[in-house]
Amino acid sequence: MRINLLNIKSLQMQTFTAKKHRPDGAQGANPVYAAVKATDDVQISTVKKALEELKEVEYLPNDLIYMHAIGAKPPFNNGLEAYNWLKESGAEILYADFSNKNVHACLNFDTQKGITILINSNYKDDCSHADILAISEAIFHECGHGKDFDSENSIQEELDCLSLNVLAHKYYERKYPNVFKNHDSFLFSQGVSLYPKLFFNFYKTALKNRVAEKYGYLQSGDDKHKASKIAMSIKQIYKNATLI
């Protein structure tokens with residue numbers, strides 16, 4: 001596997017074909033720009049440790065049943081599948097500055113250069129055990145996008161990939177009790193610790209509103225991610241909000 005994190009020269013700000021973000025020309029579009037950052041042994045070690053943790057992720061049976069019941073379809077059956085996909089695809093994992101500082105990570109797909117997973121450089125010095133687990137969840141999510149090997153995206157695809165975050169997070173909480181306790185930085189409060197609460201809330205109202213706010217501009221589903229009832233409901237919430 002290629003983890004090209006050493007001696008990477010910073011690139012000029014450029015638009016990436018990030019599946020997670022609005023394409024140029026889309027209504028209300030805000031393209032995300034990224035500049036790859038030179039890295040050191042800290043980032044290399046963090047990513048390697050994150051991948052070692054990812055390899056061990058197994059879903060709790062009831063959690064997987066629950067995901068299927070609400071309409072989320074995880075792209076991988078466990079963390080090892082994602083790890084093997086990374087090796088086989090030759091995907092790169094890099095740190096980058098984002099024009100939108102609220103982006104945790106994104107995936108760049110290029111038919112010529114292949115797949116690159118970009119992690120927000122704000123996290124480049126975060127290397128506690130909890131940080132490593134959080135980075136592994138972000139990588140897991142982007143692997144879900146990359147598995148399609150296309151630049152298409154949809155609300156359903158985001159739900160499917162977010163389910164990877166949640167399933168991994170639940171596994172880590174069980175394997176390492178209290179590992180995320182007292183971690184309330186943006187990566188946790190608005191990322192890896194937030195979505196398990198939203199997904200496992202009975203009414204799903206907060207989950208629907210959150211996904212509608214972030215991804216409602218996308219189509220409900222696509223050829224590889226057939227829209228579920230919850231995806232269509234999220235799309236309707238977005239449409240209703242834009243009419244106000």
# chains A, B, ... in the order shown; residues from 1 in each chain; ligands from 1
$ residues_around --residues "Ala105 of chain A" --least-positions-apart "5" --cutoff "8 Å" --atoms "only C-alpha atoms" --output "ChimeraX atom specification"
/A:117-120,138-139,142
$ closest_residue --among "A:Lys147, A:Val103, A:Ser136, A:His129" --to "Gly90 of chain A" --atoms "only C-alpha atoms"
A:Lys147
$ residues_around --residues "Leu133 of chain A" --least-positions-apart "2" --cutoff "9 Å" --atoms "only C-alpha atoms" --output "VMD selection string"
chain A and resid 49 to 50 53 to 54 128 to 131 135 to 138 168 to 169 172
$ select_by_dssp --residues "segment 42-171 of chain A" --states "strand (DSSP E)" --output "PDB file with N, CA, C and O atoms, in the first residue's frame"
ATOM      1  N   GLU A  92      -3.936   6.860  -1.964  1.00  0.00           N
ATOM      2  CA  GLU A  92      -3.014   7.606  -1.121  1.00  0.00           C
ATOM      3  C   GLU A  92      -3.779   8.261   0.024  1.00  0.00           C
ATOM      4  O   GLU A  92      -4.956   8.612  -0.120  1.00  0.00           O
ATOM      5  N   ILE A  93      -3.105   8.440   1.154  1.00  0.00           N
ATOM      6  CA  ILE A  93      -3.681   9.143   2.296  1.00  0.00           C
ATOM      7  C   ILE A  93      -2.765  10.311   2.621  1.00  0.00           C
ATOM      8  O   ILE A  93      -1.592  10.117   2.942  1.00  0.00           O
ATOM      9  N   LEU A  94      -3.294  11.528   2.515  1.00  0.00           N
ATOM     10  CA  LEU A  94      -2.500  12.735   2.690  1.00  0.00           C
ATOM     11  C   LEU A  94      -3.208  13.712   3.623  1.00  0.00           C
ATOM     12  O   LEU A  94      -4.432  13.674   3.751  1.00  0.00           O
ATOM     13  N   TYR A  95      -2.440  14.584   4.242  1.00  0.00           N
ATOM     14  CA  TYR A  95      -3.006  15.699   5.000  1.00  0.00           C
ATOM     15  C   TYR A  95      -3.046  16.925   4.096  1.00  0.00           C
ATOM     16  O   TYR A  95      -2.170  17.112   3.253  1.00  0.00           O
ATOM     17  N   ALA A  96      -4.069  17.765   4.287  1.00  0.00           N
ATOM     18  CA  ALA A  96      -4.213  18.937   3.423  1.00  0.00           C
ATOM     19  C   ALA A  96      -4.921  20.066   4.154  1.00  0.00           C
ATOM     20  O   ALA A  96      -5.709  19.836   5.074  1.00  0.00           O
ATOM     21  N   ASP A  97      -4.616  21.294   3.732  1.00  0.00           N
ATOM     22  CA  ASP A  97      -5.386  22.460   4.165  1.00  0.00           C
ATOM     23  C   ASP A  97      -6.645  22.524   3.313  1.00  0.00           C
ATOM     24  O   ASP A  97      -6.572  22.387   2.084  1.00  0.00           O
ATOM     25  N   PHE A  98      -7.796  22.757   3.945  1.00  0.00           N
ATOM     26  CA  PHE A  98      -9.052  22.892   3.218  1.00  0.00           C
ATOM     27  C   PHE A  98      -9.530  24.336   3.284  1.00  0.00           C
ATOM     28  O   PHE A  98      -9.381  25.006   4.308  1.00  0.00           O
ATOM     29  N   ALA A 105     -12.482  15.380   6.404  1.00  0.00           N
ATOM     30  CA  ALA A 105     -11.717  14.636   5.400  1.00  0.00           C
ATOM     31  C   ALA A 105     -12.539  14.599   4.121  1.00  0.00           C
ATOM     32  O   ALA A 105     -13.749  14.846   4.143  1.00  0.00           O
ATOM     33  N   CYS A 106     -11.901  14.321   3.014  1.00  0.00           N
ATOM     34  CA  CYS A 106     -12.640  14.160   1.766  1.00  0.00           C
ATOM     35  C   CYS A 106     -11.858  13.252   0.833  1.00  0.00           C
ATOM     36  O   CYS A 106     -10.695  12.919   1.084  1.00  0.00           O
ATOM     37  N   LEU A 107     -12.528  12.846  -0.222  1.00  0.00           N
ATOM     38  CA  LEU A 107     -11.918  11.936  -1.177  1.00  0.00           C
ATOM     39  C   LEU A 107     -11.798  12.616  -2.527  1.00  0.00           C
ATOM     40  O   LEU A 107     -12.749  13.215  -3.023  1.00  0.00           O
ATOM     41  N   ASN A 108     -10.610  12.549  -3.107  1.00  0.00           N
ATOM     42  CA  ASN A 108     -10.375  13.083  -4.442  1.00  0.00           C
ATOM     43  C   ASN A 108     -10.283  11.916  -5.417  1.00  0.00           C
ATOM     44  O   ASN A 108      -9.473  11.009  -5.235  1.00  0.00           O
ATOM     45  N   PHE A 109     -11.151  11.948  -6.433  1.00  0.00           N
ATOM     46  CA  PHE A 109     -11.140  10.893  -7.448  1.00  0.00           C
ATOM     47  C   PHE A 109     -10.672  11.473  -8.766  1.00  0.00           C
ATOM     48  O   PHE A 109     -11.207  12.465  -9.249  1.00  0.00           O
ATOM     49  N   ASP A 110      -9.660  10.864  -9.338  1.00  0.00           N
ATOM     50  CA  ASP A 110      -9.113  11.292 -10.622  1.00  0.00           C
ATOM     51  C   ASP A 110      -8.915  10.050 -11.480  1.00  0.00           C
ATOM     52  O   ASP A 110      -8.219   9.116 -11.070  1.00  0.00           O
ATOM     53  N   GLY A 114      -5.909   8.358  -9.922  1.00  0.00           N
ATOM     54  CA  GLY A 114      -6.446   7.440  -8.932  1.00  0.00           C
ATOM     55  C   GLY A 114      -7.119   8.147  -7.770  1.00  0.00           C
ATOM     56  O   GLY A 114      -7.607   9.270  -7.898  1.00  0.00           O
ATOM     57  N   ILE A 115      -7.113   7.503  -6.622  1.00  0.00           N
ATOM     58  CA  ILE A 115      -7.867   7.959  -5.456  1.00  0.00           C
ATOM     59  C   ILE A 115      -6.934   8.492  -4.378  1.00  0.00           C
ATOM     60  O   ILE A 115      -5.909   7.891  -4.069  1.00  0.00           O
ATOM     61  N   THR A 116      -7.313   9.637  -3.820  1.00  0.00           N
ATOM     62  CA  THR A 116      -6.569  10.222  -2.712  1.00  0.00           C
ATOM     63  C   THR A 116      -7.535  10.552  -1.585  1.00  0.00           C
ATOM     64  O   THR A 116      -8.561  11.191  -1.811  1.00  0.00           O
ATOM     65  N   ILE A 117      -7.221  10.100  -0.386  1.00  0.00           N
ATOM     66  CA  ILE A 117      -7.982  10.462   0.805  1.00  0.00           C
ATOM     67  C   ILE A 117      -7.245  11.607   1.482  1.00  0.00           C
ATOM     68  O   ILE A 117      -6.058  11.493   1.803  1.00  0.00           O
ATOM     69  N   LEU A 118      -7.934  12.722   1.665  1.00  0.00           N
ATOM     70  CA  LEU A 118      -7.342  13.918   2.253  1.00  0.00           C
ATOM     71  C   LEU A 118      -7.892  14.123   3.660  1.00  0.00           C
ATOM     72  O   LEU A 118      -9.108  14.134   3.860  1.00  0.00           O
ATOM     73  N   ILE A 119      -7.004  14.296   4.626  1.00  0.00           N
ATOM     74  CA  ILE A 119      -7.373  14.531   6.015  1.00  0.00           C
ATOM     75  C   ILE A 119      -7.050  15.981   6.364  1.00  0.00           C
ATOM     76  O   ILE A 119      -5.989  16.493   5.997  1.00  0.00           O
ATOM     77  N   ASN A 120      -7.951  16.632   7.065  1.00  0.00           N
ATOM     78  CA  ASN A 120      -7.755  18.033   7.438  1.00  0.00           C
ATOM     79  C   ASN A 120      -6.448  18.204   8.208  1.00  0.00           C
ATOM     80  O   ASN A 120      -6.215  17.535   9.220  1.00  0.00           O
TER      81      ASN A 120
END
$ residues_around --residues "segment 229-244 of chain A" --least-positions-apart "5" --cutoff "6 Å" --atoms "only C-alpha atoms" --output "compact mmCIF listing (two decimals) with all heavy atoms, in the first residue's frame"
# COMPACT_ATOMS: atom_id res chain seq x y z
N ILE A 155 -27.31 11.52 -1.35
CA ILE A 155 -27.65 11.48 0.07
C ILE A 155 -27.52 10.06 0.60
O ILE A 155 -26.98 9.83 1.68
CB ILE A 155 -29.09 12.01 0.29
CG1 ILE A 155 -29.15 13.50 -0.05
CG2 ILE A 155 -29.54 11.77 1.73
CD1 ILE A 155 -30.56 14.07 -0.07
N GLN A 156 -28.00 9.10 -0.18
CA GLN A 156 -27.92 7.70 0.26
C GLN A 156 -26.47 7.26 0.42
O GLN A 156 -26.13 6.57 1.39
CB GLN A 156 -28.62 6.78 -0.74
CG GLN A 156 -28.67 5.33 -0.29
CD GLN A 156 -29.46 5.14 0.99
OE1 GLN A 156 -30.58 5.62 1.11
NE2 GLN A 156 -28.87 4.46 1.97
N LYS A 208 -31.82 13.52 10.29
CA LYS A 208 -32.35 13.98 9.01
C LYS A 208 -32.01 15.45 8.77
O LYS A 208 -31.60 15.83 7.67
CB LYS A 208 -33.87 13.77 8.97
CG LYS A 208 -34.30 12.32 8.92
CD LYS A 208 -35.82 12.22 8.95
CE LYS A 208 -36.29 10.79 8.96
NZ LYS A 208 -37.78 10.69 9.01
N ALA A 212 -29.61 16.75 5.86
CA ALA A 212 -30.23 17.68 4.91
C ALA A 212 -29.43 18.96 4.79
O ALA A 212 -29.23 19.50 3.69
CB ALA A 212 -31.67 17.98 5.33
N GLY A 216 -28.10 17.88 1.54
CA GLY A 216 -29.42 17.89 0.92
C GLY A 216 -29.44 18.32 -0.53
O GLY A 216 -30.38 18.01 -1.26
N SER A 220 -31.18 12.11 -4.19
CA SER A 220 -31.54 11.18 -3.11
C SER A 220 -30.71 9.91 -3.17
O SER A 220 -30.23 9.41 -2.14
CB SER A 220 -33.03 10.83 -3.17
OG SER A 220 -33.82 11.98 -2.99
$ atom_distance --atom1 "atom CA of Ala72 of chain A" --atom2 "atom CA of Phe186 of chain A"
24.7 Å
$ closest_residue --among "A:Pro196, A:Gly79, A:Gly144, A:Pro74" --to "Lys55 of chain A" --atoms "only C-alpha atoms"
A:Gly79
$ residues_around --residues "segment 199-202 of chain A" --least-positions-apart "6" --cutoff "9 Å" --atoms "only C-alpha atoms" --output "list of chain:residue names"
A:Tyr66, A:Met67, A:Ile70, A:Ser163, A:Val166
$ write_last_selection --atoms "N, CA and C atoms" --output "PDB file, in the first residue's frame"
ATOM      1  N   TYR A  66     -29.650  -2.989  12.752  1.00  0.00           N
ATOM      2  CA  TYR A  66     -30.280  -1.678  12.927  1.00  0.00           C
ATOM      3  C   TYR A  66     -30.016  -0.779  11.721  1.00  0.00           C
ATOM      4  N   MET A  67     -28.773  -0.750  11.253  1.00  0.00           N
ATOM      5  CA  MET A  67     -28.431   0.088  10.102  1.00  0.00           C
ATOM      6  C   MET A  67     -29.259  -0.300   8.883  1.00  0.00           C
ATOM      7  N   ILE A  70     -32.920   0.944   9.150  1.00  0.00           N
ATOM      8  CA  ILE A  70     -33.218   2.364   8.923  1.00  0.00           C
ATOM      9  C   ILE A  70     -32.889   2.796   7.493  1.00  0.00           C
ATOM     10  N   SER A 163     -22.581   5.472   8.046  1.00  0.00           N
ATOM     11  CA  SER A 163     -22.816   4.274   8.861  1.00  0.00           C
ATOM     12  C   SER A 163     -21.504   3.567   9.188  1.00  0.00           C
ATOM     13  N   VAL A 166     -20.078   5.250  12.231  1.00  0.00           N
ATOM     14  CA  VAL A 166     -20.839   4.907  13.430  1.00  0.00           C
ATOM     15  C   VAL A 166     -20.531   3.489  13.892  1.00  0.00           C
TER      16      VAL A 166
END
$ select_by_dssp --residues "segment 2-228 of chain A" --states "helix (DSSP H, G or I)" --output "PyMOL selection string"
chain A and resi 41-55+61-70+79-89+121-123+129-146+155-175+186-192+194-199+205-215
$ residues_around --residues "His225 of chain A" --least-positions-apart "4" --cutoff "8 Å" --atoms "only C-alpha atoms" --output "list in words"
Ser154, Gln156, Glu157 and Gly221 of chain A
